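Heads up, the thing below is written out as structure tokens.
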Amino acid sequence: MVRFLWKQISYLVIGISLFALLASCQPTAPTAESPSPTETSTAASTATQAQTTQTPPAGYVDRELETPAKLAPLPYPYEALEKVIDAETMKLHHDKHHAAYVNNLNDALKKHPELQNRSVESLLRDLNNVPEDIRNAVRNNGGGHLNHTIFWQLMSPQGGGEATGAIATEINQTFGSFDAFKKQFNEAGAKQFGSGWVWLVRNPQGQLQIVSTPNQDNPIADGSYPIMGNDVWEHAYYLKYRNRRAEYLEKWWNVVNWSEVNKRAQVTSQKQA
């Protein structure tokens, strides 16, 4: 009997040993290392920087346009302003009309390499000293480039409504009310014969003023700074509004980017100070 028990115990010990040996041979999954606090902080900082770091587009507020001129992308999709301007018009207006001004301006400046290190704004401010053989090309195409660069930034899908911020106060002081300003602005745009623009500018005396310019002329050529402007060339509205310019002018207020208008007005105030 004792011999039998010892035999059973021996079998049990051998079985346990074999089980332990097999278990020790099984592969183990690698343990992922947790990133150190420094690595985590660096990664988060890099991601945040990538999301928030943006280069201001050409012509932004008081940043002078570069030469040779470059066609910056729209700050929103073609269809973003659909409630006022259709996507097809935006595409043609930006990709064809604006692009043509950029290309023609650069072609003109090739004739006078000494001008290629000057900004478009500085050329327009000093048109009388631009060589006569390219003066009209710079006036028309440089103006078209500057006007449209400003125009795209003055609109936003989230824009519209009455003026806000400091420009609202200044408009009320100058024109009596926002409604009076809006009416005067629309009338000036409607009365502009043929193609052109209507602008709210700060004139050389530092006052707000509504002016209109023919073709692609920009108010800076007359010493005024354009705070906001609307394009009344037919290519800006014809596909949707046909010959109803007044309707286009009225609806345009639904996309005005008052934040951008305030930035431009603030810059002009600082320059006049």
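By order in the structure tokens, chains are A, B, ...; within a chain, residues start at 1; ligands start at 1, following the order shown.
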
Please identify all polymer residues within 10 Å of region 157-168 of chain A, counting only C-alpha atoms, omitting same-chain residues fewer than 5 positions from it, and present them as number ranges by chain. A: 76-77, 79-84, 173-174, 177-179, 182, 208, 227, 251-266

Quick one: write out the picked residues with N, CA, C and O atoms as a short mmCIF file (atom, residue, chain, number, x, y, z; two decimals), in the first residue's frame?
data_model
loop_
_atom_site.label_atom_id
_atom_site.label_comp_id
_atom_site.auth_asym_id
_atom_site.auth_seq_id
_atom_site.Cartn_x
_atom_site.Cartn_y
_atom_site.Cartn_z
N TYR A 76 -12.21 80.18 -48.67
CA TYR A 76 -13.38 79.33 -48.41
C TYR A 76 -13.70 78.60 -49.72
O TYR A 76 -13.21 78.98 -50.78
N PRO A 77 -14.51 77.54 -49.68
CA PRO A 77 -14.87 76.81 -50.91
C PRO A 77 -15.70 77.69 -51.85
O PRO A 77 -16.30 78.68 -51.44
N GLU A 79 -18.51 77.24 -53.15
CA GLU A 79 -19.94 77.28 -52.86
C GLU A 79 -20.26 77.89 -51.50
O GLU A 79 -21.43 77.99 -51.11
N ALA A 80 -19.26 78.37 -50.78
CA ALA A 80 -19.46 78.83 -49.41
C ALA A 80 -20.37 80.05 -49.31
O ALA A 80 -21.06 80.24 -48.30
N LEU A 81 -20.40 80.87 -50.35
CA LEU A 81 -21.20 82.10 -50.32
C LEU A 81 -22.48 81.95 -51.15
O LEU A 81 -23.04 82.93 -51.63
N GLU A 82 -22.94 80.72 -51.30
CA GLU A 82 -24.05 80.40 -52.19
C GLU A 82 -25.30 81.22 -51.92
O GLU A 82 -26.08 81.49 -52.83
N LYS A 83 -25.51 81.64 -50.68
CA LYS A 83 -26.71 82.41 -50.37
C LYS A 83 -26.71 83.77 -51.06
O LYS A 83 -27.76 84.42 -51.16
N VAL A 84 -25.55 84.19 -51.56
CA VAL A 84 -25.45 85.47 -52.26
C VAL A 84 -24.81 85.30 -53.64
O VAL A 84 -25.30 85.84 -54.63
N GLN A 173 -21.24 107.60 -36.48
CA GLN A 173 -20.82 108.98 -36.28
C GLN A 173 -20.70 109.74 -37.60
O GLN A 173 -20.98 110.93 -37.67
N THR A 174 -20.29 109.04 -38.64
CA THR A 174 -20.05 109.68 -39.94
C THR A 174 -21.31 109.81 -40.78
O THR A 174 -21.55 110.86 -41.39
N SER A 177 -26.34 106.64 -39.25
CA SER A 177 -26.82 105.30 -38.88
C SER A 177 -26.28 104.30 -39.88
O SER A 177 -25.84 104.68 -40.98
N PHE A 178 -26.36 103.03 -39.51
CA PHE A 178 -25.91 101.99 -40.44
C PHE A 178 -26.82 101.96 -41.67
O PHE A 178 -26.33 101.79 -42.80
N ASP A 179 -28.12 102.11 -41.47
CA ASP A 179 -29.05 102.08 -42.61
C ASP A 179 -28.75 103.20 -43.60
O ASP A 179 -28.82 103.01 -44.82
N LYS A 182 -25.57 102.21 -45.46
CA LYS A 182 -25.84 101.14 -46.41
C LYS A 182 -26.57 101.67 -47.64
O LYS A 182 -26.23 101.30 -48.78
N LEU A 208 -13.94 108.78 -42.88
CA LEU A 208 -14.61 107.76 -43.69
C LEU A 208 -15.32 108.43 -44.85
O LEU A 208 -15.91 109.50 -44.70
N ILE A 227 -11.10 100.41 -47.07
CA ILE A 227 -11.48 99.62 -45.90
C ILE A 227 -12.39 98.46 -46.33
O ILE A 227 -12.23 97.33 -45.87
N LYS A 251 -28.14 92.16 -51.48
CA LYS A 251 -27.90 90.85 -50.86
C LYS A 251 -26.45 90.67 -50.41
O LYS A 251 -26.16 89.84 -49.55
N TRP A 252 -25.54 91.42 -51.01
CA TRP A 252 -24.13 91.29 -50.66
C TRP A 252 -23.87 91.50 -49.17
O TRP A 252 -22.95 90.91 -48.61
N TRP A 253 -24.67 92.29 -48.52
CA TRP A 253 -24.48 92.56 -47.09
C TRP A 253 -24.63 91.31 -46.24
O TRP A 253 -24.21 91.30 -45.08
N ASN A 254 -25.21 90.26 -46.80
CA ASN A 254 -25.39 89.01 -46.04
C ASN A 254 -24.10 88.20 -45.90
O ASN A 254 -24.08 87.19 -45.18
N VAL A 255 -23.02 88.63 -46.56
CA VAL A 255 -21.76 87.89 -46.44
C VAL A 255 -20.59 88.80 -46.04
O VAL A 255 -19.44 88.36 -46.04
N VAL A 256 -20.86 90.04 -45.69
CA VAL A 256 -19.77 90.96 -45.33
C VAL A 256 -19.08 90.47 -44.07
O VAL A 256 -19.72 90.16 -43.06
N ASN A 257 -17.77 90.41 -44.13
CA ASN A 257 -16.94 89.94 -43.02
C ASN A 257 -16.53 91.15 -42.17
O ASN A 257 -15.51 91.78 -42.40
N TRP A 258 -17.34 91.45 -41.16
CA TRP A 258 -17.10 92.66 -40.36
C TRP A 258 -15.84 92.56 -39.53
O TRP A 258 -15.23 93.58 -39.18
N SER A 259 -15.42 91.37 -39.22
CA SER A 259 -14.17 91.21 -38.50
C SER A 259 -13.00 91.72 -39.35
O SER A 259 -12.12 92.44 -38.86
N GLU A 260 -12.99 91.37 -40.63
CA GLU A 260 -11.94 91.84 -41.54
C GLU A 260 -12.04 93.34 -41.77
O GLU A 260 -11.03 94.04 -41.83
N VAL A 261 -13.27 93.84 -41.90
CA VAL A 261 -13.46 95.28 -42.09
C VAL A 261 -12.89 96.04 -40.90
O VAL A 261 -12.22 97.07 -41.07
N ASN A 262 -13.13 95.54 -39.71
CA ASN A 262 -12.60 96.20 -38.51
C ASN A 262 -11.07 96.18 -38.49
O ASN A 262 -10.44 97.15 -38.05
N LYS A 263 -10.48 95.08 -38.94
CA LYS A 263 -9.02 95.02 -38.98
C LYS A 263 -8.45 96.08 -39.91
O LYS A 263 -7.48 96.77 -39.59
N ARG A 264 -9.06 96.19 -41.09
CA ARG A 264 -8.58 97.17 -42.05
C ARG A 264 -8.81 98.59 -41.54
O ARG A 264 -7.95 99.47 -41.71
N ALA A 265 -9.94 98.84 -40.90
CA ALA A 265 -10.22 100.17 -40.37
C ALA A 265 -9.25 100.52 -39.25
O ALA A 265 -8.81 101.67 -39.12
N GLN A 266 -8.90 99.54 -38.43
CA GLN A 266 -7.97 99.77 -37.33
C GLN A 266 -6.58 100.11 -37.86
O GLN A 266 -5.91 101.01 -37.36
#

Surrounding residues of Tyr101 (chain A) excluding itself and chain neighbours under 6 positions, 6 Å, only C-alpha atoms, as an MDAnalysis selection string: chainID A and resid 141 144:145

Using N, CA and C atoms, can you export the residues from the last selection as a short mmCIF file (atom, residue, chain, number, x, y, z; two decimals), in the first residue's frame?
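Saved file part_4.cif follows:
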data_model
loop_
_atom_site.label_atom_id
_atom_site.label_comp_id
_atom_site.auth_asym_id
_atom_site.auth_seq_id
_atom_site.Cartn_x
_atom_site.Cartn_y
_atom_site.Cartn_z
N ASN A 141 -4.14 95.89 -64.26
CA ASN A 141 -3.94 94.54 -63.75
C ASN A 141 -3.46 94.52 -62.30
N GLY A 144 -6.58 95.29 -60.50
CA GLY A 144 -7.46 94.12 -60.47
C GLY A 144 -6.99 93.09 -59.46
N HIS A 145 -5.67 92.91 -59.37
CA HIS A 145 -5.13 91.95 -58.39
C HIS A 145 -5.38 92.42 -56.96
#

Can you list every residue in region 172-258 of chain A that DSSP puts in strand (DSSP E or B), as a list of chain:residue names? A:Gly196, A:Trp197, A:Val198, A:Trp199, A:Leu200, A:Val201, A:Arg202, A:Leu208, A:Gln209, A:Ile210, A:Val211, A:Ser212, A:Thr213, A:Pro214, A:Tyr225, A:Pro226, A:Ile227, A:Met228, A:Gly229, A:Asn230, A:Asp231, A:Val256

With N, CA and C atoms retained, could you export that selection as a CSV table (one decimal), in the first residue's frame?
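Below is the file that was written, part.csv:
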chain,number,residue,atom,x,y,z
A,196,GLY,N,-16.8,98.7,-62.5
A,196,GLY,CA,-16.1,99.4,-61.5
A,196,GLY,C,-16.3,98.9,-60.1
A,197,TRP,N,-16.1,99.7,-59.1
A,197,TRP,CA,-16.1,99.3,-57.7
A,197,TRP,C,-16.8,100.4,-56.8
A,198,VAL,N,-17.4,100.0,-55.7
A,198,VAL,CA,-17.8,101.0,-54.7
A,198,VAL,C,-17.1,100.7,-53.4
A,199,TRP,N,-16.6,101.7,-52.8
A,199,TRP,CA,-15.7,101.6,-51.6
A,199,TRP,C,-16.1,102.4,-50.4
A,200,LEU,N,-15.8,101.9,-49.2
A,200,LEU,CA,-15.7,102.7,-48.0
A,200,LEU,C,-14.2,102.9,-47.8
A,201,VAL,N,-13.8,104.1,-47.8
A,201,VAL,CA,-12.3,104.4,-47.6
A,201,VAL,C,-12.1,105.3,-46.5
A,202,ARG,N,-10.9,105.4,-46.0
A,202,ARG,CA,-10.4,106.5,-45.2
A,202,ARG,C,-9.6,107.4,-46.0
A,208,LEU,N,-13.9,108.8,-42.9
A,208,LEU,CA,-14.6,107.8,-43.7
A,208,LEU,C,-15.3,108.4,-44.8
A,209,GLN,N,-15.3,107.8,-46.0
A,209,GLN,CA,-15.9,108.3,-47.2
A,209,GLN,C,-16.3,107.2,-48.1
A,210,ILE,N,-17.4,107.4,-48.8
A,210,ILE,CA,-17.9,106.4,-49.8
A,210,ILE,C,-17.5,106.9,-51.2
A,211,VAL,N,-16.8,106.1,-52.0
A,211,VAL,CA,-16.3,106.5,-53.3
A,211,VAL,C,-16.6,105.4,-54.2
A,212,SER,N,-16.6,105.7,-55.5
A,212,SER,CA,-16.7,104.6,-56.5
A,212,SER,C,-15.5,104.9,-57.5
A,213,THR,N,-15.0,103.8,-58.1
A,213,THR,CA,-13.9,103.9,-59.0
A,213,THR,C,-14.2,103.1,-60.3
A,214,PRO,N,-13.8,103.6,-61.4
A,214,PRO,CA,-14.1,102.9,-62.7
A,214,PRO,C,-13.1,101.7,-62.9
A,225,TYR,N,-7.3,105.0,-48.4
A,225,TYR,CA,-7.1,103.6,-48.0
A,225,TYR,C,-8.4,102.8,-48.1
A,226,PRO,N,-8.5,101.7,-48.9
A,226,PRO,CA,-9.8,101.0,-49.0
A,226,PRO,C,-10.0,100.1,-47.8
A,227,ILE,N,-11.1,100.4,-47.1
A,227,ILE,CA,-11.5,99.6,-45.9
A,227,ILE,C,-12.4,98.5,-46.3
A,228,MET,N,-13.3,98.7,-47.2
A,228,MET,CA,-14.2,97.7,-47.8
A,228,MET,C,-14.6,98.1,-49.1
A,229,GLY,N,-14.9,97.1,-50.0
A,229,GLY,CA,-15.4,97.4,-51.3
A,229,GLY,C,-16.2,96.3,-52.0
A,230,ASN,N,-17.0,96.7,-52.9
A,230,ASN,CA,-17.8,95.7,-53.6
A,230,ASN,C,-17.6,95.8,-55.1
A,231,ASP,N,-17.5,94.7,-55.7
A,231,ASP,CA,-17.2,94.6,-57.2
A,231,ASP,C,-18.5,94.7,-57.9
A,256,VAL,N,-20.9,90.0,-45.7
A,256,VAL,CA,-19.8,91.0,-45.3
A,256,VAL,C,-19.1,90.5,-44.1

If we count only C-alpha atoms and set the cut-off at 12 Å, which residues sit around region 108-111 of chain A, ignoring sequence neighbours fewer than 2 positions away in its own chain? Please answer as an MDAnalysis selection string. chainID A and resid 67:69 101:106 113:120 123 130:142

For Leu74 (chain A), find every residue with an atom within 10 Å (counting only C-alpha atoms), except residues of its own chain fewer than 5 positions away, and show them as a PDB file with C-alpha atoms, in the first residue's frame.
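Final file, out09.pdb:
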ATOM      1  CA  PRO A  57      -2.621  85.644 -47.227  1.00  0.00           C
ATOM      2  CA  MET A  90     -16.954  82.359 -57.732  1.00  0.00           C
ATOM      3  CA  LYS A  91     -14.917  79.849 -59.710  1.00  0.00           C
ATOM      4  CA  HIS A  94     -11.321  83.843 -59.044  1.00  0.00           C
ATOM      5  CA  ASP A  95      -9.766  81.226 -61.336  1.00  0.00           C
ATOM      6  CA  THR A 149      -7.430  90.092 -53.061  1.00  0.00           C
ATOM      7  CA  TRP A 152     -12.301  87.756 -51.204  1.00  0.00           C
ATOM      8  CA  GLN A 153     -11.221  88.539 -47.655  1.00  0.00           C
TER       9      GLN A 153
END

Expected answer as a PyMOL selection string: helix (DSSP H, G or I) residues in region 95-193 of chain A: chain A and resi 95-109+113-115+120-125+127-129+132-153+165-175+178-191
